[in-house]
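Structure record follows, encoded as structure tokens.
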Amino acid sequence: MPAVDKRPESIFTIGTRLEDRLGRTGTIHTPHGDIATPSFVAVGTKATVKAVLPESMKELGAQSLLANAYHLYLQPGPDIVDEAGGLGKFMNWDGPTFTDSGGFQVMSLGVGFKKVLAMEAVGVQSDDVIAKGKERLATVDDEGVTFKSHLDGSKHRFTPEVSMQIQHQLGADIMFAFDELTTLLNTRGYQERSVERTQAWAIRCINEHEKLTAERAEKPYQALFGVIQGAQYEDLRRQACRGLESIEGENGYGFDGYGIGGALEKQNLGTIVRWCNEELPENKPRHMLGISEPDDFFVAIENGADTFDCVNPSRVARNAAIYVRSGRFNINTSRFRRDFTPIDDECDCYTCANYTRAYIHHLFKAKEMLASTLCTIHNERFTVKLVDDIRASIEGGYFHDFKADMLGKFYAAKTPAPQT
């Protein structure tokens, strides 16, 4: 069966629009169900949201999960996931799934820079750094990236074709094209070359995607999103969007949607998202990579973003950091030792319905694993519900009032960075 036979005409339906902004609601259609947007995509990096059962993610309202191609390539291997029936079957999740291309991890974890890159310019401008004080160890060329495994130091090679092959084997409903990650420490010249390289890689991803779609005709269609780079530069961001939109494979199809990634300073987030979404076709979904703070959701959504993913809700939960309507706090501090109230008495999650702050405080002090489970359930529910509530506010016509009320309460103790 040729690829064009099973590719839907469109995977996205637009719903309600914000009158004065690019924001909208909508529905992403996948073989494993629809995703009502805006929506937060919970991250299950290694085919699991750490410390939480997939069934719990379903119960707390997650519509979809995202796993990482880099990690699953190294362990257990994409062939094993494919043999298991794909990512969803492998992890016992029957809803929509995403996989990212592995590009971020190749250039961060893969070269020993741990999990957080320098995304703030501090007076250093160099083509040879990707993290503060770290020499770039991955080898990037026009064909792909050679990198070391963070597990055992073994060398590996990712190309656009390899990334597509891995992601097709993983079998997610939505995949991302392989792109080159840059940071704010790279020079303007390097950013220009990177945008050109990512464009060339995107063409190769489309071609490999069509080839694999035809070869795996018995499998459901997997949508492919192009990834927009360009750092803080308006001309590069717009150039990257127009370039990706212009790509067509041999069957005449382009990308099914787009991911906005790369180096983003918080105070410029809304402006950059707007630049991109003014260029992108409105009938295709737009995904923000690595975003999960409340103020970032609002500013990105009103400027046209549809979906988001980030490890932050689960990561900070494992370190006792809790999100509630009035802000964020650490539950392992002494003031919660005898606090027998729920984390949030208005939260409807399993944790808040059954456990107290004092008990969770005890679990952290006793170094019990259950602490991570209970706090992750709450943080993921907070994040999923927040984006769901933003969607409802757009549909109900009270987005701006909800934004002012929610952010006013959450940042009462501190003023969030100004955003456009």
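Chain identifiers are assigned as A, B, and so on, following the order in which chains appear in the structure tokens; residues are numbered from 1 within each chain, and ligands are numbered from 1 in order of appearance.
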Inset, instruction - Using backbone DSSP assignments, extract all helix (DSSP H, G or I) residues from stretch 54-90 of chain A; output them as a ChimeraX atom specification. - result: /A:54-59,69-74,78-83,87-90
Inset, instruction - Tell me, as JSON, numbers by chain, which residues lie within 8 Å of stretch 341-358 of chain A, counting only C-alpha atoms; anything in the same chain fewer than 3 positions away does not count. - result: {"A": [60, 324, 331, 336, 337, 338, 361, 362, 374, 375, 377, 378, 381, 382]}
What would the file look like if the residues just selected were written as an mmCIF file, in the first residue's frame with C-alpha atoms?
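The resulting again-v9.cif:
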```
data_model
loop_
_atom_site.group_PDB
_atom_site.id
_atom_site.type_symbol
_atom_site.label_atom_id
_atom_site.label_comp_id
_atom_site.auth_asym_id
_atom_site.auth_seq_id
_atom_site.Cartn_x
_atom_site.Cartn_y
_atom_site.Cartn_z
ATOM 1 C CA LEU A 60 -5.555 12.135 36.153
ATOM 2 C CA VAL A 324 -0.737 24.626 43.736
ATOM 3 C CA ILE A 331 6.750 19.923 50.971
ATOM 4 C CA PHE A 336 4.501 20.656 56.936
ATOM 5 C CA ARG A 337 5.518 18.125 59.575
ATOM 6 C CA ARG A 338 2.150 18.402 61.369
ATOM 7 C CA HIS A 361 6.539 15.188 54.243
ATOM 8 C CA HIS A 362 7.270 12.036 56.253
ATOM 9 C CA LEU A 374 2.158 10.830 45.153
ATOM 10 C CA CYS A 375 3.777 14.152 44.279
ATOM 11 C CA ILE A 377 0.415 12.395 40.410
ATOM 12 C CA HIS A 378 -0.462 15.782 41.886
ATOM 13 C CA ARG A 381 -2.771 16.634 37.398
ATOM 14 C CA PHE A 382 -2.146 20.305 38.167
#
```
Inset, instruction - Find the residue from A:Gly262, A:Gly270, A:Gly44, A:Gly85 that sits nearest to A:Leu289; use only C-alpha atoms when measuring. - result: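 Selected residue with least distance to A:Leu289: A:Gly262.
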Legend entry - Near-A:Gly33 list (9 Å; only C-alpha atoms; drop same-chain fewer than 6 positions) as a ChimeraX atom specification: /A:63,94-96
Inset, instruction - Enumerate the residues of stretch 155-311 of chain A with a DSSP assignment of strand (DSSP E or B), computed from the backbone, and present them as a ChimeraX atom specification. - result: /A:155-158,174-176,223-228,257-260,286-289,307-310
